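Engineer: File upload-v1.cif follows (mmCIF, C-alpha atoms):
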data_upload
#
loop_
_atom_site.label_atom_id
_atom_site.label_comp_id
_atom_site.auth_asym_id
_atom_site.auth_seq_id
_atom_site.Cartn_x
_atom_site.Cartn_y
_atom_site.Cartn_z
CA MET M 1 -231.98 -52.56 -4.53
CA PRO M 2 -229.61 -51.49 -7.28
CA PHE M 3 -230.52 -47.86 -6.62
CA THR M 4 -229.09 -46.46 -3.39
CA GLU M 5 -230.36 -43.23 -1.87
CA VAL M 6 -227.41 -40.83 -1.50
CA ALA M 7 -229.45 -37.77 -0.50
CA THR M 8 -233.14 -37.06 0.07
CA ASP M 9 -234.98 -38.41 -2.97
CA VAL M 10 -231.77 -38.80 -4.98
CA TRP M 11 -230.71 -42.34 -5.91
CA VAL M 12 -227.65 -43.69 -7.71
CA ALA M 13 -227.21 -47.10 -9.34
CA ARG M 14 -223.65 -48.17 -10.07
CA TYR M 15 -223.31 -50.70 -12.89
CA GLU M 16 -220.43 -53.12 -13.33
CA TRP M 17 -220.05 -52.46 -17.05
CA PHE M 18 -217.78 -49.36 -17.13
CA ASP M 19 -218.54 -48.86 -13.42
CA VAL M 20 -220.96 -46.24 -14.71
CA ASN M 21 -223.55 -44.42 -12.62
CA VAL M 22 -227.18 -43.75 -13.47
CA SER M 23 -228.89 -41.31 -11.11
CA LEU M 24 -232.49 -40.44 -10.23
CA ILE M 25 -233.79 -37.18 -8.79
CA ARG M 26 -237.39 -37.11 -7.59
CA GLY M 27 -239.71 -34.13 -7.48
CA SER M 28 -243.47 -33.98 -7.15
CA SER M 29 -243.85 -34.14 -10.94
CA GLY M 30 -241.73 -37.29 -11.34
CA LEU M 31 -238.21 -38.55 -11.82
CA LEU M 32 -235.28 -36.97 -13.63
CA VAL M 33 -232.81 -39.58 -14.93
CA VAL M 34 -229.18 -38.53 -15.27
CA ASP M 35 -227.30 -40.61 -17.86
CA THR M 36 -228.76 -43.72 -19.47
CA HIS M 37 -226.00 -46.37 -19.70
CA ALA M 38 -224.10 -47.77 -22.68
CA SER M 39 -226.64 -49.68 -24.78
CA ALA M 40 -230.35 -50.14 -25.35
CA VAL M 41 -230.16 -53.55 -23.68
CA ALA M 42 -228.35 -52.21 -20.61
CA ALA M 43 -230.84 -49.35 -20.34
CA ALA M 44 -233.75 -51.80 -20.37
CA THR M 45 -232.37 -53.27 -17.15
CA VAL M 46 -232.13 -49.76 -15.70
CA VAL M 47 -235.77 -49.13 -16.57
CA GLU M 48 -236.80 -52.37 -14.84
CA GLU M 49 -234.90 -51.37 -11.71
CA ILE M 50 -236.44 -47.89 -11.70
CA ARG M 51 -239.89 -49.44 -11.83
CA ALA M 52 -238.94 -51.87 -9.05
CA LEU M 53 -237.84 -48.92 -6.92
CA GLY M 54 -241.38 -47.55 -7.14
CA ALA M 55 -240.33 -43.92 -6.76
CA GLY M 56 -242.40 -42.60 -9.67
CA GLU M 57 -242.44 -42.16 -13.43
CA VAL M 58 -239.58 -40.71 -15.45
CA VAL M 59 -240.47 -37.26 -16.81
CA ALA M 60 -237.09 -36.17 -18.22
CA VAL M 61 -233.56 -37.36 -18.97
CA VAL M 62 -230.20 -35.59 -18.76
CA ASN M 63 -226.96 -36.58 -20.50
CA THR M 64 -223.87 -35.21 -18.73
CA HIS M 65 -221.93 -35.40 -22.01
CA GLU M 66 -222.05 -37.15 -25.38
CA HIS M 67 -220.11 -40.37 -24.77
CA PHE M 68 -221.97 -43.59 -25.49
CA ASP M 69 -221.77 -45.00 -21.97
CA HIS M 70 -223.91 -42.04 -20.86
CA THR M 71 -226.26 -41.68 -23.86
CA PHE M 72 -226.92 -45.01 -25.59
CA GLY M 73 -229.91 -45.71 -23.35
CA ASN M 74 -231.78 -42.58 -24.47
CA GLY M 75 -233.92 -44.44 -26.98
CA THR M 76 -234.88 -47.08 -24.44
CA PHE M 77 -236.11 -44.45 -22.00
CA ARG M 78 -238.13 -42.82 -24.76
CA ALA M 79 -239.67 -46.19 -25.62
CA ALA M 80 -240.53 -46.83 -21.97
CA TYR M 81 -241.80 -43.41 -20.92
CA GLY M 82 -242.90 -41.66 -24.11
CA ALA M 83 -241.46 -38.52 -25.66
CA VAL M 84 -239.76 -37.29 -22.48
CA PRO M 85 -237.30 -34.44 -23.07
CA VAL M 86 -233.62 -35.38 -23.15
CA HIS M 87 -231.46 -32.51 -21.91
CA ALA M 88 -227.78 -31.88 -22.67
CA HIS M 89 -225.38 -29.06 -23.34
CA GLU M 90 -225.69 -27.87 -26.94
CA VAL M 91 -222.19 -29.10 -27.85
CA ALA M 92 -222.82 -32.55 -26.42
CA ALA M 93 -226.14 -32.89 -28.22
CA ALA M 94 -224.57 -31.88 -31.53
CA GLN M 95 -221.77 -34.43 -31.14
CA THR M 96 -223.68 -37.41 -29.75
CA VAL M 97 -224.30 -39.15 -33.08
CA ASP M 98 -220.74 -38.75 -34.35
CA ALA M 99 -219.30 -39.84 -31.00
CA GLY M 100 -221.56 -42.89 -31.01
CA GLU M 101 -220.68 -43.87 -34.56
CA ARG M 102 -216.97 -43.67 -33.69
CA ILE M 103 -217.54 -46.13 -30.85
CA LYS M 104 -219.48 -48.47 -33.10
CA ALA M 105 -216.55 -48.39 -35.53
CA LEU M 106 -214.18 -49.31 -32.70
CA TYR M 107 -216.32 -52.34 -31.94
CA ASP M 108 -215.70 -53.48 -35.54
CA ASP M 109 -212.03 -53.91 -34.55
CA PRO M 110 -211.21 -57.64 -34.11
CA GLU M 111 -209.45 -56.81 -30.82
CA ASN M 112 -212.83 -55.84 -29.36
CA LEU M 113 -214.72 -58.91 -30.51
CA ASP M 114 -214.35 -60.56 -27.11
CA ASP M 115 -216.46 -57.85 -25.45
CA PRO M 116 -219.74 -59.59 -24.61
CA HIS M 117 -221.58 -56.28 -25.03
CA GLY M 118 -220.29 -55.61 -28.55
CA ASP M 119 -223.43 -56.67 -30.39
CA GLU M 120 -225.75 -54.65 -28.18
CA VAL M 121 -223.61 -51.53 -28.71
CA GLN M 122 -223.70 -52.03 -32.46
CA GLU M 123 -227.46 -52.57 -32.48
CA THR M 124 -228.33 -49.52 -30.34
CA GLU M 125 -230.06 -46.64 -32.09
CA ILE M 126 -228.27 -43.38 -31.24
CA VAL M 127 -230.77 -40.83 -29.92
CA PRO M 128 -229.23 -37.41 -29.16
CA ALA M 129 -230.66 -34.92 -26.70
CA ASP M 130 -233.43 -32.72 -28.08
CA THR M 131 -233.47 -30.01 -25.39
CA THR M 132 -230.27 -28.00 -25.05
CA PHE M 133 -228.75 -24.99 -23.30
CA SER M 134 -225.49 -23.05 -23.53
CA SER M 135 -224.58 -21.93 -20.02
CA ALA M 136 -227.10 -22.87 -17.32
CA VAL M 137 -230.76 -23.81 -16.99
CA ALA M 138 -233.13 -24.75 -14.16
CA LEU M 139 -235.48 -27.71 -14.49
CA ASP M 140 -238.73 -27.62 -12.53
CA LEU M 141 -239.66 -30.95 -10.96
CA GLY M 142 -242.71 -29.50 -9.25
CA ASP M 143 -241.54 -28.99 -5.70
CA ARG M 144 -237.85 -29.08 -6.60
CA LEU M 145 -235.57 -27.09 -8.89
CA VAL M 146 -232.58 -28.83 -10.43
CA GLU M 147 -229.81 -26.81 -12.07
CA LEU M 148 -227.88 -27.88 -15.17
CA VAL M 149 -224.59 -25.99 -15.40
CA HIS M 150 -221.94 -26.03 -18.13
CA PRO M 151 -218.87 -25.09 -16.06
CA GLY M 152 -216.52 -25.21 -19.04
CA ARG M 153 -214.66 -27.78 -21.10
CA GLY M 154 -212.70 -30.65 -19.60
CA HIS M 155 -213.48 -34.31 -20.23
CA THR M 156 -215.30 -33.13 -23.37
CA GLY M 157 -216.41 -29.86 -24.89
CA GLY M 158 -220.00 -30.34 -23.73
CA ASP M 159 -219.72 -31.34 -20.08
CA LEU M 160 -222.48 -30.41 -17.65
CA VAL M 161 -223.01 -30.91 -13.96
CA VAL M 162 -226.37 -31.38 -12.27
CA ARG M 163 -226.83 -29.46 -9.02
CA VAL M 164 -229.58 -30.29 -6.54
CA PRO M 165 -229.42 -27.27 -4.19
CA ASP M 166 -231.80 -28.52 -1.50
CA ALA M 167 -229.83 -31.78 -1.19
CA ASP M 168 -226.37 -30.15 -1.35
CA LEU M 169 -225.49 -32.61 -4.10
CA VAL M 170 -223.81 -32.36 -7.49
CA LEU M 171 -223.77 -35.01 -10.20
CA ALA M 172 -220.46 -34.26 -11.90
CA GLY M 173 -220.41 -36.61 -14.87
CA ASP M 174 -216.91 -37.48 -16.05
CA LEU M 175 -215.43 -34.18 -14.95
CA VAL M 176 -214.72 -36.15 -11.76
CA GLU M 177 -213.41 -39.74 -11.80
CA GLU M 178 -213.39 -42.13 -8.83
CA SER M 179 -213.67 -45.57 -10.41
CA ALA M 180 -211.16 -48.19 -9.33
CA LEU M 181 -211.36 -49.60 -12.86
CA ARG M 182 -209.31 -46.58 -13.93
CA HIS M 183 -207.50 -46.13 -10.62
CA ALA M 184 -209.35 -42.80 -10.36
CA VAL M 185 -207.48 -41.47 -13.41
CA PRO M 186 -209.62 -38.89 -15.27
CA GLY M 187 -210.65 -39.78 -18.80
CA PHE M 188 -208.16 -37.91 -20.97
CA GLY M 189 -209.62 -39.02 -24.29
CA SER M 190 -209.14 -37.78 -27.82
CA ASP M 191 -211.77 -35.07 -27.25
CA CYS M 192 -210.56 -33.76 -23.88
CA TYR M 193 -209.47 -30.22 -22.96
CA PRO M 194 -206.64 -30.71 -20.44
CA MET M 195 -205.59 -27.06 -20.33
CA GLU M 196 -209.11 -25.90 -19.44
CA TRP M 197 -210.14 -28.77 -17.18
CA PRO M 198 -208.62 -27.34 -13.94
CA LEU M 199 -210.45 -24.04 -14.41
CA THR M 200 -213.66 -25.91 -15.15
CA LEU M 201 -213.32 -27.79 -11.88
CA ASP M 202 -212.78 -24.46 -10.12
CA ILE M 203 -216.30 -23.54 -11.25
CA VAL M 204 -217.60 -26.88 -10.00
CA LEU M 205 -215.90 -26.31 -6.64
CA GLY M 206 -217.73 -22.99 -6.44
CA LEU M 207 -221.00 -24.95 -6.48
CA LEU M 208 -219.98 -27.09 -3.51
CA SER M 209 -220.10 -26.59 0.22
CA SER M 210 -217.81 -28.29 2.69
CA SER M 211 -220.42 -31.04 3.15
CA SER M 212 -221.56 -31.53 -0.45
CA VAL M 213 -221.98 -35.00 -1.93
CA VAL M 214 -220.48 -35.31 -5.43
CA VAL M 215 -221.46 -38.22 -7.66
CA PRO M 216 -218.91 -38.88 -10.43
CA GLY M 217 -219.80 -40.42 -13.75
CA HIS M 218 -218.01 -43.60 -12.69
CA GLY M 219 -217.39 -44.92 -9.19
CA ALA M 220 -218.48 -44.07 -5.68
CA PRO M 221 -219.72 -40.69 -4.44
CA VAL M 222 -216.98 -38.39 -3.16
CA ASP M 223 -216.65 -35.18 -1.17
CA ARG M 224 -215.35 -31.69 -1.87
CA GLU M 225 -211.84 -32.60 -0.73
CA PHE M 226 -211.63 -35.37 -3.34
CA VAL M 227 -212.65 -32.93 -6.08
CA GLU M 228 -210.07 -30.39 -4.88
CA GLU M 229 -207.31 -33.00 -4.97
CA GLN M 230 -208.28 -34.20 -8.43
CA ARG M 231 -208.48 -30.63 -9.69
CA ASN M 232 -204.95 -29.97 -8.42
CA THR M 233 -203.59 -33.15 -10.01
CA ILE M 234 -205.16 -32.31 -13.37
CA GLY M 235 -203.64 -28.86 -12.91
CA ILE M 236 -200.20 -30.47 -12.60
CA VAL M 237 -200.81 -32.24 -15.92
CA ALA M 238 -201.78 -28.94 -17.56
CA GLU M 239 -198.81 -27.01 -16.17
CA THR M 240 -196.39 -29.78 -17.12
CA ILE M 241 -197.67 -29.65 -20.68
CA ARG M 242 -197.31 -25.87 -20.68
CA ASP M 243 -193.76 -26.07 -19.33
CA LEU M 244 -192.67 -28.64 -21.90
CA ALA M 245 -194.11 -26.67 -24.80
CA THR M 246 -192.59 -23.43 -23.51
CA ARG M 247 -189.18 -25.11 -23.38
CA GLY M 248 -189.56 -26.35 -26.95
CA VAL M 249 -189.81 -30.05 -26.14
CA PRO M 250 -191.33 -31.80 -29.18
CA VAL M 251 -194.77 -33.22 -28.55
CA ASP M 252 -193.60 -36.73 -29.43
CA ASP M 253 -190.95 -36.53 -26.70
CA ALA M 254 -193.11 -34.92 -24.03
CA LEU M 255 -194.40 -38.03 -22.27
CA ALA M 256 -190.90 -39.45 -21.82
CA THR M 257 -189.34 -36.13 -20.82
CA ALA M 258 -191.33 -35.27 -17.69
CA GLU M 259 -192.58 -36.79 -14.47
CA TRP M 260 -196.37 -37.14 -14.50
CA PRO M 261 -198.93 -37.58 -11.70
CA TYR M 262 -200.80 -40.22 -13.70
CA PRO M 263 -199.51 -43.23 -15.68
CA ARG M 264 -197.98 -42.15 -18.99
CA GLU M 265 -200.17 -44.53 -20.97
CA GLU M 266 -203.23 -42.57 -19.80
CA LEU M 267 -201.88 -39.21 -20.96
CA ALA M 268 -201.04 -39.55 -24.65
CA HIS M 269 -204.21 -37.75 -25.77
CA ALA M 270 -203.90 -35.16 -23.00
CA VAL M 271 -200.38 -34.17 -24.08
CA ARG M 272 -201.20 -33.98 -27.77
CA ARG M 273 -204.42 -32.07 -27.16
CA GLY M 274 -202.66 -29.74 -24.73
CA TYR M 275 -200.00 -28.86 -27.27
CA GLU M 276 -202.70 -28.21 -29.87
CA HIS M 277 -204.69 -25.93 -27.57
CA LEU M 278 -201.84 -23.79 -26.28
CA PRO M 279 -201.60 -20.37 -27.93
CA ARG M 280 -198.64 -19.82 -30.23
CA SER M 281 -197.07 -17.41 -27.73
CA GLN M 282 -196.65 -20.27 -25.23
CA LYS M 283 -194.78 -22.56 -27.62
CA ARG M 284 -191.13 -22.51 -28.57
CA LEU M 285 -189.48 -24.19 -31.54
CA PRO M 286 -188.63 -26.96 -32.19
CA LEU M 287 -192.01 -28.54 -31.61
CA VAL M 288 -191.96 -31.30 -34.20
#
Take the structure in this file and express it as structure tokens.

Structural biologist:
Amino acid sequence: MPFTEVATDVWVARYEWFDVNVSLIRGSSGLLVVDTHASAVAAATVVEEIRALGAGEVVAVVNTHEHFDHTFGNGTFRAAYGAVPVHAHEVAAAQTVDAGERIKALYDDPENLDDPHGDEVQETEIVPADTTFSSAVALDLGDRLVELVHPGRGHTGGDLVVRVPDADLVLAGDLVEESALRHAVPGFGSDCYPMEWPLTLDIVLGLLSSSSVVVPGHGAPVDREFVEEQRNTIGIVAETIRDLATRGVPVDDALATAEWPYPREELAHAVRRGYEHLPRSQKRLPLV
């Protein structure tokens, strides 16, 4: 079966396109779906596989953040299961449409025309979450409580993690990256918060025990030690940015000036965003 049980009544399906994960959590009232894949067409396959699993009906959906590969299946799940609530952090919900339209515009670029999924991305109706929170909320699945926690900003401004206390499991979204497609490099995109990300992962680590299972947004489940190591490596990125800015290295020279723990081509947005987010007191001229 595409869905693999990673803890008691928690299943994860890992899809080749983007190596993205869709997760299911079962309680007595039904299934909670976490993330919905990258298009309406892709999500229809997910729905078929959920029904083939035979674990129950979907009663709610969660988006771990606003990016299209985690939200573009929302409309398909609504069509399949009725007006189920779609949960997300308030920032993610507010930015889902704009983030989706930016991706659709990218697929207009001739360089992306060879992507066989381009048409289905363009044709997907963007359906943002309709049930939001600011800090933390508990969802009642009948005999099981599931916690949604916004630990802070990192991959985006609206990241959440899903904690299943009785299973000692956390679904971390893209705050944690394992996928071999990206060589386990975190997604430092144009909307990331590299200076805050290490502290955000400190909060996530506070939700974990030594034996916790952590499911990233992309790739295979990991353990607490993996999260600790990734937190520390992201911390090196943040402190390197801080050091360069403090020494007055211009932002356009920063990537070439320092040694980095990840490939330079993955860090252009992180460096520019980091410089933008540092307070004025931590910058020294010349910076341009």

Engineer: What does the distance between CA of His150 in chain M and CA of Val170 in chain M come to in Å, to one decimal place?

Structural biologist: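 Interatomic distance, CA of His150 in chain M to CA of Val170 in chain M: 12.5 Å.
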
Engineer: Need the shell around range 46-61 of chain M: protein/DNA/RNA residues with any atom at most 6 Å away, counting all atoms listed in the file. Skip same-chain ones fewer than 6 positions apart. Format as number ranges by chain?

Structural biologist: M: 30-34, 84-86

Engineer: Could you tell me which residues the PyMOL selection byres ((chain M and resi 173) around 7) grabs in this file, written as a list in words?

Structural biologist: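 Going through the file, the PyMOL selection byres ((chain M and resi 173) around 7) ends up selecting Thr64, Val161, Leu171, Ala172, Asp174, Leu175, Val176, Pro216 and Gly217 of chain M.
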
Engineer: Go ahead and dump the residues you just picked, C-alpha atoms, as an mmCIF file, in the coordinates of the input.

Structural biologist:
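Just written: part12.cif:
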data_model
loop_
_atom_site.group_PDB
_atom_site.id
_atom_site.type_symbol
_atom_site.label_atom_id
_atom_site.label_comp_id
_atom_site.auth_asym_id
_atom_site.auth_seq_id
_atom_site.Cartn_x
_atom_site.Cartn_y
_atom_site.Cartn_z
ATOM 1 C CA THR M 64 -223.870 -35.210 -18.730
ATOM 2 C CA VAL M 161 -223.010 -30.910 -13.960
ATOM 3 C CA LEU M 171 -223.770 -35.010 -10.200
ATOM 4 C CA ALA M 172 -220.460 -34.260 -11.900
ATOM 5 C CA ASP M 174 -216.910 -37.480 -16.050
ATOM 6 C CA LEU M 175 -215.430 -34.180 -14.950
ATOM 7 C CA VAL M 176 -214.720 -36.150 -11.760
ATOM 8 C CA PRO M 216 -218.910 -38.880 -10.430
ATOM 9 C CA GLY M 217 -219.800 -40.420 -13.750
#

Engineer: Please list as a PDB file with C-alpha atoms, in the coordinates of the input every residue within 10 Å of Phe226 in chain M, counting all atoms listed in the file and excluding residues in the same chain fewer than 4 positions away.

Structural biologist:
ATOM      1  CA  VAL M 176    -214.720 -36.150 -11.760  1.00  0.00           C
ATOM      2  CA  GLU M 177    -213.410 -39.740 -11.800  1.00  0.00           C
ATOM      3  CA  GLU M 178    -213.390 -42.130  -8.830  1.00  0.00           C
ATOM      4  CA  VAL M 214    -220.480 -35.310  -5.430  1.00  0.00           C
ATOM      5  CA  PRO M 221    -219.720 -40.690  -4.440  1.00  0.00           C
ATOM      6  CA  VAL M 222    -216.980 -38.390  -3.160  1.00  0.00           C
ATOM      7  CA  GLN M 230    -208.280 -34.200  -8.430  1.00  0.00           C
ATOM      8  CA  ARG M 231    -208.480 -30.630  -9.690  1.00  0.00           C
ATOM      9  CA  ASN M 232    -204.950 -29.970  -8.420  1.00  0.00           C
TER      10      ASN M 232
END

Engineer: So what do you get for CA of Thr156 in chain M versus CA of Cys192 in chain M, distance-wise?

Structural biologist: 4.8 Å

Engineer: When you draw a straight line from CA of Asp223 in chain M to CA of Asp168 in chain M, how long is it in Å?

Structural biologist: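 Answer for the CA of Asp223 in chain M to CA of Asp168 in chain M separation: 10.9 Å.
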
Engineer: Point out the residue among M:Leu201, M:Ala180, M:Leu139, M:Leu267 with the least atom-to-atom distance to Val237 in chain M, counting all atoms listed in the file.

Structural biologist: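 Ranking M:Leu201, M:Ala180, M:Leu139, M:Leu267 by distance to Val237 in chain M, first place goes to M:Leu267.
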
Engineer: Name every residue that the PyMOL selection byres ((chain M and resi 106-123) around 8) selects in this structure, writing the answer as a PyMOL selection string with chains first and numbers rising.

Structural biologist: chain M and resi 38-41+72+102-105+124-125

Engineer: Name the residues captured by the PyMOL selection byres ((chain M and resi 218) around 6) when it is applied to the shown file; answer as an NGL selection string.

Structural biologist: :M and (19-21 or 179 or 216-217 or 219)

Engineer: Nearest residue to Val91 in chain M out of M:Asp130, M:Glu5, M:Asp159, M:Glu147, using only C-alpha atoms?

Structural biologist: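 Using only C-alpha atoms, the shortest distance to Val91 in chain M belongs to M:Asp159.
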
Engineer: Go through M:Pro186, M:Trp11, M:Ala44, M:Leu169 one by one, measure the shortest atom-to-atom distance of each to Pro198 in chain M using only C-alpha atoms, and give the residue with the smallest value.

Structural biologist: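 Nearest to Pro198 in chain M: M:Pro186.
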
Engineer: Could you check the closest approach to Arg264 in chain M for each of M:Ala220, M:Val185, M:Val249, M:Leu244 and tell me which residue wins, using all atoms listed in the file?

Structural biologist: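 Looking only at the distances to Arg264 in chain M, the closest residue turns out to be M:Val185.
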
Engineer: Can you tell me which residues surround Leu199 in chain M at a distance of at most 10 Å, considering only C-alpha atoms, apart from same-chain residues fewer than 4 positions away, and format the answer as a list of chain:residue names?

Structural biologist: M:Pro151, M:Gly152, M:Arg153, M:Gly154, M:Pro194, M:Met195, M:Ile203, M:Val204, M:Leu205, M:Arg231, M:Ile234, M:Gly235

Engineer: Can you put N, CA and C atoms back into range 120-149 of chain M and show it as a CSV table (one decimal), in the coordinates of the input?

Structural biologist:
chain,number,residue,atom,x,y,z
M,120,GLU,N,-224.7,-55.6,-28.6
M,120,GLU,CA,-225.8,-54.6,-28.2
M,120,GLU,C,-225.4,-53.2,-28.4
M,121,VAL,N,-224.1,-52.9,-28.4
M,121,VAL,CA,-223.6,-51.5,-28.7
M,121,VAL,C,-223.9,-51.3,-30.2
M,122,GLN,N,-223.5,-52.2,-31.0
M,122,GLN,CA,-223.7,-52.0,-32.5
M,122,GLN,C,-225.2,-51.9,-32.8
M,123,GLU,N,-226.0,-52.6,-32.1
M,123,GLU,CA,-227.5,-52.6,-32.5
M,123,GLU,C,-228.3,-51.4,-31.9
M,124,THR,N,-227.6,-50.6,-31.0
M,124,THR,CA,-228.3,-49.5,-30.3
M,124,THR,C,-228.6,-48.3,-31.3
M,125,GLU,N,-229.8,-47.9,-31.3
M,125,GLU,CA,-230.1,-46.6,-32.1
M,125,GLU,C,-229.6,-45.4,-31.3
M,126,ILE,N,-228.8,-44.6,-31.9
M,126,ILE,CA,-228.3,-43.4,-31.2
M,126,ILE,C,-229.3,-42.3,-31.2
M,127,VAL,N,-229.7,-41.9,-30.1
M,127,VAL,CA,-230.8,-40.8,-29.9
M,127,VAL,C,-230.1,-39.7,-29.2
M,128,PRO,N,-229.8,-38.6,-29.8
M,128,PRO,CA,-229.2,-37.4,-29.2
M,128,PRO,C,-230.3,-36.6,-28.4
M,129,ALA,N,-229.8,-35.8,-27.5
M,129,ALA,CA,-230.7,-34.9,-26.7
M,129,ALA,C,-231.4,-34.0,-27.6
M,130,ASP,N,-232.6,-33.6,-27.3
M,130,ASP,CA,-233.4,-32.7,-28.1
M,130,ASP,C,-233.7,-31.4,-27.4
M,131,THR,N,-233.2,-31.2,-26.2
M,131,THR,CA,-233.5,-30.0,-25.4
M,131,THR,C,-232.1,-29.5,-24.9
M,132,THR,N,-231.6,-28.4,-25.3
M,132,THR,CA,-230.3,-28.0,-25.0
M,132,THR,C,-230.2,-26.6,-24.4
M,133,PHE,N,-229.0,-26.3,-23.9
M,133,PHE,CA,-228.8,-25.0,-23.3
M,133,PHE,C,-227.3,-24.7,-23.5
M,134,SER,N,-226.9,-23.4,-23.3
M,134,SER,CA,-225.5,-23.0,-23.5
M,134,SER,C,-224.7,-22.8,-22.3
M,135,SER,N,-225.3,-22.3,-21.2
M,135,SER,CA,-224.6,-21.9,-20.0
M,135,SER,C,-225.2,-22.6,-18.8
M,136,ALA,N,-226.4,-22.3,-18.5
M,136,ALA,CA,-227.1,-22.9,-17.3
M,136,ALA,C,-228.6,-22.8,-17.5
M,137,VAL,N,-229.3,-23.8,-16.9
M,137,VAL,CA,-230.8,-23.8,-17.0
M,137,VAL,C,-231.3,-24.5,-15.7
M,138,ALA,N,-232.5,-24.1,-15.3
M,138,ALA,CA,-233.1,-24.8,-14.2
M,138,ALA,C,-234.3,-25.6,-14.7
M,139,LEU,N,-234.4,-26.8,-14.2
M,139,LEU,CA,-235.5,-27.7,-14.5
M,139,LEU,C,-236.4,-27.8,-13.3
M,140,ASP,N,-237.7,-27.6,-13.6
M,140,ASP,CA,-238.7,-27.6,-12.5
M,140,ASP,C,-239.3,-29.0,-12.4
M,141,LEU,N,-239.1,-29.6,-11.2
M,141,LEU,CA,-239.7,-31.0,-11.0
M,141,LEU,C,-240.9,-30.8,-10.0
M,142,GLY,N,-241.5,-29.7,-10.1
M,142,GLY,CA,-242.7,-29.5,-9.2
M,142,GLY,C,-242.4,-28.8,-8.0
M,143,ASP,N,-241.9,-29.6,-7.0
M,143,ASP,CA,-241.5,-29.0,-5.7
M,143,ASP,C,-240.0,-28.9,-5.5
M,144,ARG,N,-239.3,-29.0,-6.7
M,144,ARG,CA,-237.8,-29.1,-6.6
M,144,ARG,C,-237.3,-28.5,-7.9
M,145,LEU,N,-236.3,-27.6,-7.7
M,145,LEU,CA,-235.6,-27.1,-8.9
M,145,LEU,C,-234.2,-27.8,-9.0
M,146,VAL,N,-233.9,-28.2,-10.2
M,146,VAL,CA,-232.6,-28.8,-10.4
M,146,VAL,C,-231.8,-28.0,-11.5
M,147,GLU,N,-230.6,-27.7,-11.2
M,147,GLU,CA,-229.8,-26.8,-12.1
M,147,GLU,C,-228.9,-27.6,-12.9
M,148,LEU,N,-228.9,-27.3,-14.2
M,148,LEU,CA,-227.9,-27.9,-15.2
M,148,LEU,C,-226.9,-26.8,-15.5
M,149,VAL,N,-225.6,-27.0,-15.2
M,149,VAL,CA,-224.6,-26.0,-15.4
M,149,VAL,C,-223.5,-26.5,-16.3
